[in-house]
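Notes follow the structure.
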Amino acid sequence: MGINLEIEISIDDIRLILGDRFEQEYVRRIYQATCTGCGRHYNAELNVSQIWLNHIGDVILEGTCQFCANPLSLYLEVSNFKPSFDQAMAIRDLYINVLKNYNARLAGS
Ligand SMILES: [Zn+2]
């Protein structure tokens, strides 16, 4: 069921997924976004409004630029790190098969 779906997750979920790497992989990344709206390269700030977990265990952060409100997104290759991949899949399974109450969309939408 829903193999290619992206599932909306929370900031607490991403903390669990990244563990000790949360500061490095999440916090630092959102302050190093690139924005075509205001032309900042690696120093725009992503104001995150939604976090999506895809079917291969990677995470997409979506929101707007803190400086110019242009829509921005970042792709976090969470699945490269085995403990994070395992945690991501556990959270995905929890939403889909246990909680059964989540936002989902087709991949790439
Ligand atoms: Zn901007």
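Going through the structure tokens in order, the chains are called A, B, and so on, while each chain numbers its residues from 1 and the ligands are numbered from 1 in the order shown.
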
Considering only C-alpha atoms, tabulate each residue of segment 25-76 of chain A that lies at most 9 Å from segment 11-18 of chain A along with its nearest interatomic pair and the corresponding distance in Å to one decimal; arrange the rows by chain and ascending residue number and present them as a tab-separated table.
residue	atom	partner	partner_atom	distance
A:Glu25	CA	A:Leu18	CA	7.4
A:Tyr26	CA	A:Leu18	CA	8.1
A:Ile51	CA	A:Ile11	CA	7.5
A:Val59	CA	A:Ile14	CA	8.5

Write the selection just made, keeping N, CA, C and O atoms, as an mmCIF file, in the first residue's frame?
data_model
loop_
_atom_site.group_PDB
_atom_site.id
_atom_site.type_symbol
_atom_site.label_atom_id
_atom_site.label_comp_id
_atom_site.auth_asym_id
_atom_site.auth_seq_id
_atom_site.Cartn_x
_atom_site.Cartn_y
_atom_site.Cartn_z
ATOM 1 N N GLU A 25 22.831 17.903 10.049
ATOM 2 C CA GLU A 25 22.098 17.553 8.830
ATOM 3 C C GLU A 25 20.817 18.364 8.625
ATOM 4 O O GLU A 25 20.323 18.472 7.511
ATOM 5 N N TYR A 26 20.264 18.876 9.696
ATOM 6 C CA TYR A 26 19.008 19.624 9.563
ATOM 7 C C TYR A 26 19.228 21.112 9.830
ATOM 8 O O TYR A 26 19.058 21.931 8.936
ATOM 9 N N ILE A 51 7.530 18.832 6.196
ATOM 10 C CA ILE A 51 8.610 17.848 6.101
ATOM 11 C C ILE A 51 7.997 16.558 5.568
ATOM 12 O O ILE A 51 7.026 16.049 6.134
ATOM 13 N N VAL A 59 14.335 12.683 2.958
ATOM 14 C CA VAL A 59 13.435 13.696 3.508
ATOM 15 C C VAL A 59 13.461 14.945 2.628
ATOM 16 O O VAL A 59 14.524 15.365 2.161
#

Site check for ligand 1: residues at most 10 Å away, only C-alpha atoms and all ligand atoms, as a PyMOL selection string: chain A and resi 33-41+43-46+64-72

Could you please take those selected residues and save N, CA and C atoms as a short mmCIF file (atom, residue, chain, number, x, y, z; two decimals), in the first residue's frame?
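Writing the result to result-v2.cif gives the following:
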data_model
loop_
_atom_site.label_atom_id
_atom_site.label_comp_id
_atom_site.auth_asym_id
_atom_site.auth_seq_id
_atom_site.Cartn_x
_atom_site.Cartn_y
_atom_site.Cartn_z
N ALA A 33 20.63 27.36 2.63
CA ALA A 33 19.84 27.15 1.42
C ALA A 33 20.28 28.12 0.32
N THR A 34 19.95 27.78 -0.90
CA THR A 34 20.18 28.67 -2.04
C THR A 34 18.81 29.13 -2.55
N CYS A 35 18.68 30.43 -2.77
CA CYS A 35 17.39 31.00 -3.16
C CYS A 35 17.53 31.79 -4.45
N THR A 36 16.75 31.41 -5.46
CA THR A 36 16.79 32.15 -6.72
C THR A 36 16.00 33.45 -6.60
N GLY A 37 15.16 33.56 -5.60
CA GLY A 37 14.35 34.77 -5.41
C GLY A 37 15.20 35.97 -5.02
N CYS A 38 16.06 35.80 -4.02
CA CYS A 38 16.88 36.92 -3.54
C CYS A 38 18.35 36.73 -3.90
N GLY A 39 18.67 35.62 -4.57
CA GLY A 39 20.03 35.42 -5.07
C GLY A 39 21.04 34.98 -4.03
N ARG A 40 20.59 34.59 -2.85
CA ARG A 40 21.53 34.12 -1.84
C ARG A 40 21.98 32.69 -2.18
N HIS A 41 23.27 32.48 -2.14
CA HIS A 41 23.82 31.15 -2.41
C HIS A 41 24.37 30.57 -1.12
N ASN A 43 23.41 30.82 1.73
CA ASN A 43 23.19 31.58 2.96
C ASN A 43 21.78 32.13 3.07
N ALA A 44 20.88 31.55 2.30
CA ALA A 44 19.46 31.83 2.54
C ALA A 44 18.99 30.91 3.67
N GLU A 45 17.90 31.30 4.29
CA GLU A 45 17.36 30.48 5.38
C GLU A 45 16.00 29.94 4.99
N LEU A 46 15.86 28.64 5.08
CA LEU A 46 14.59 27.99 4.77
C LEU A 46 13.70 27.99 6.01
N THR A 64 9.54 28.45 2.79
CA THR A 64 9.84 29.68 2.07
C THR A 64 11.16 30.26 2.56
N CYS A 65 11.74 31.12 1.71
CA CYS A 65 12.95 31.84 2.08
C CYS A 65 12.62 32.86 3.17
N GLN A 66 13.43 32.87 4.20
CA GLN A 66 13.21 33.80 5.31
C GLN A 66 13.38 35.26 4.86
N PHE A 67 14.15 35.46 3.79
CA PHE A 67 14.48 36.82 3.37
C PHE A 67 13.51 37.38 2.34
N CYS A 68 13.02 36.54 1.43
CA CYS A 68 12.20 37.08 0.33
C CYS A 68 10.89 36.32 0.13
N ALA A 69 10.64 35.29 0.94
CA ALA A 69 9.40 34.52 0.90
C ALA A 69 9.23 33.66 -0.36
N ASN A 70 10.30 33.54 -1.15
CA ASN A 70 10.26 32.65 -2.31
C ASN A 70 10.08 31.20 -1.81
N PRO A 71 9.30 30.38 -2.52
CA PRO A 71 9.20 28.97 -2.12
C PRO A 71 10.56 28.28 -2.25
N LEU A 72 10.93 27.51 -1.24
CA LEU A 72 12.21 26.80 -1.23
C LEU A 72 11.98 25.37 -0.77
#

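Closest approach to Lys82 of chain A among A:Gln24, A:Tyr31, A:Leu99, A:Gly19 is made by A:Gly19 (distances from only C-alpha atoms).
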
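Shortest separation to Gln87 of chain A among A:Leu61, A:Asn47, A:Tyr102, A:Ile56 occurs at residue A:Ile56, atoms counted being only C-alpha atoms.
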
message: Using DSSP assignments from the backbone, pull out every residue in segment 9-92 of chain A that falls under strand (DSSP E) and give it to me as an NGL selection string.
response: :A and (9 or 46-53 or 59-65 or 71-76)

Shell of 7 Å around Val78 of chain A, only C-alpha atoms, local chain residues under 3 positions omitted, as a list in words: Gly57, Asp58, Val59, Phe81, Ser84 and Phe85 of chain A

Restricting the output to C-alpha atoms, write the selected residues as a PDB file, in the first residue's frame.
ATOM      1  CA  GLY A  57      13.891   7.000   3.338  1.00  0.00           C
ATOM      2  CA  ASP A  58      14.976  10.470   2.261  1.00  0.00           C
ATOM      3  CA  VAL A  59      13.435  13.696   3.508  1.00  0.00           C
ATOM      4  CA  PHE A  81      23.267   6.569   6.896  1.00  0.00           C
ATOM      5  CA  SER A  84      18.804   6.959   9.988  1.00  0.00           C
ATOM      6  CA  PHE A  85      17.404   4.851   7.167  1.00  0.00           C
TER       7      PHE A  85
END
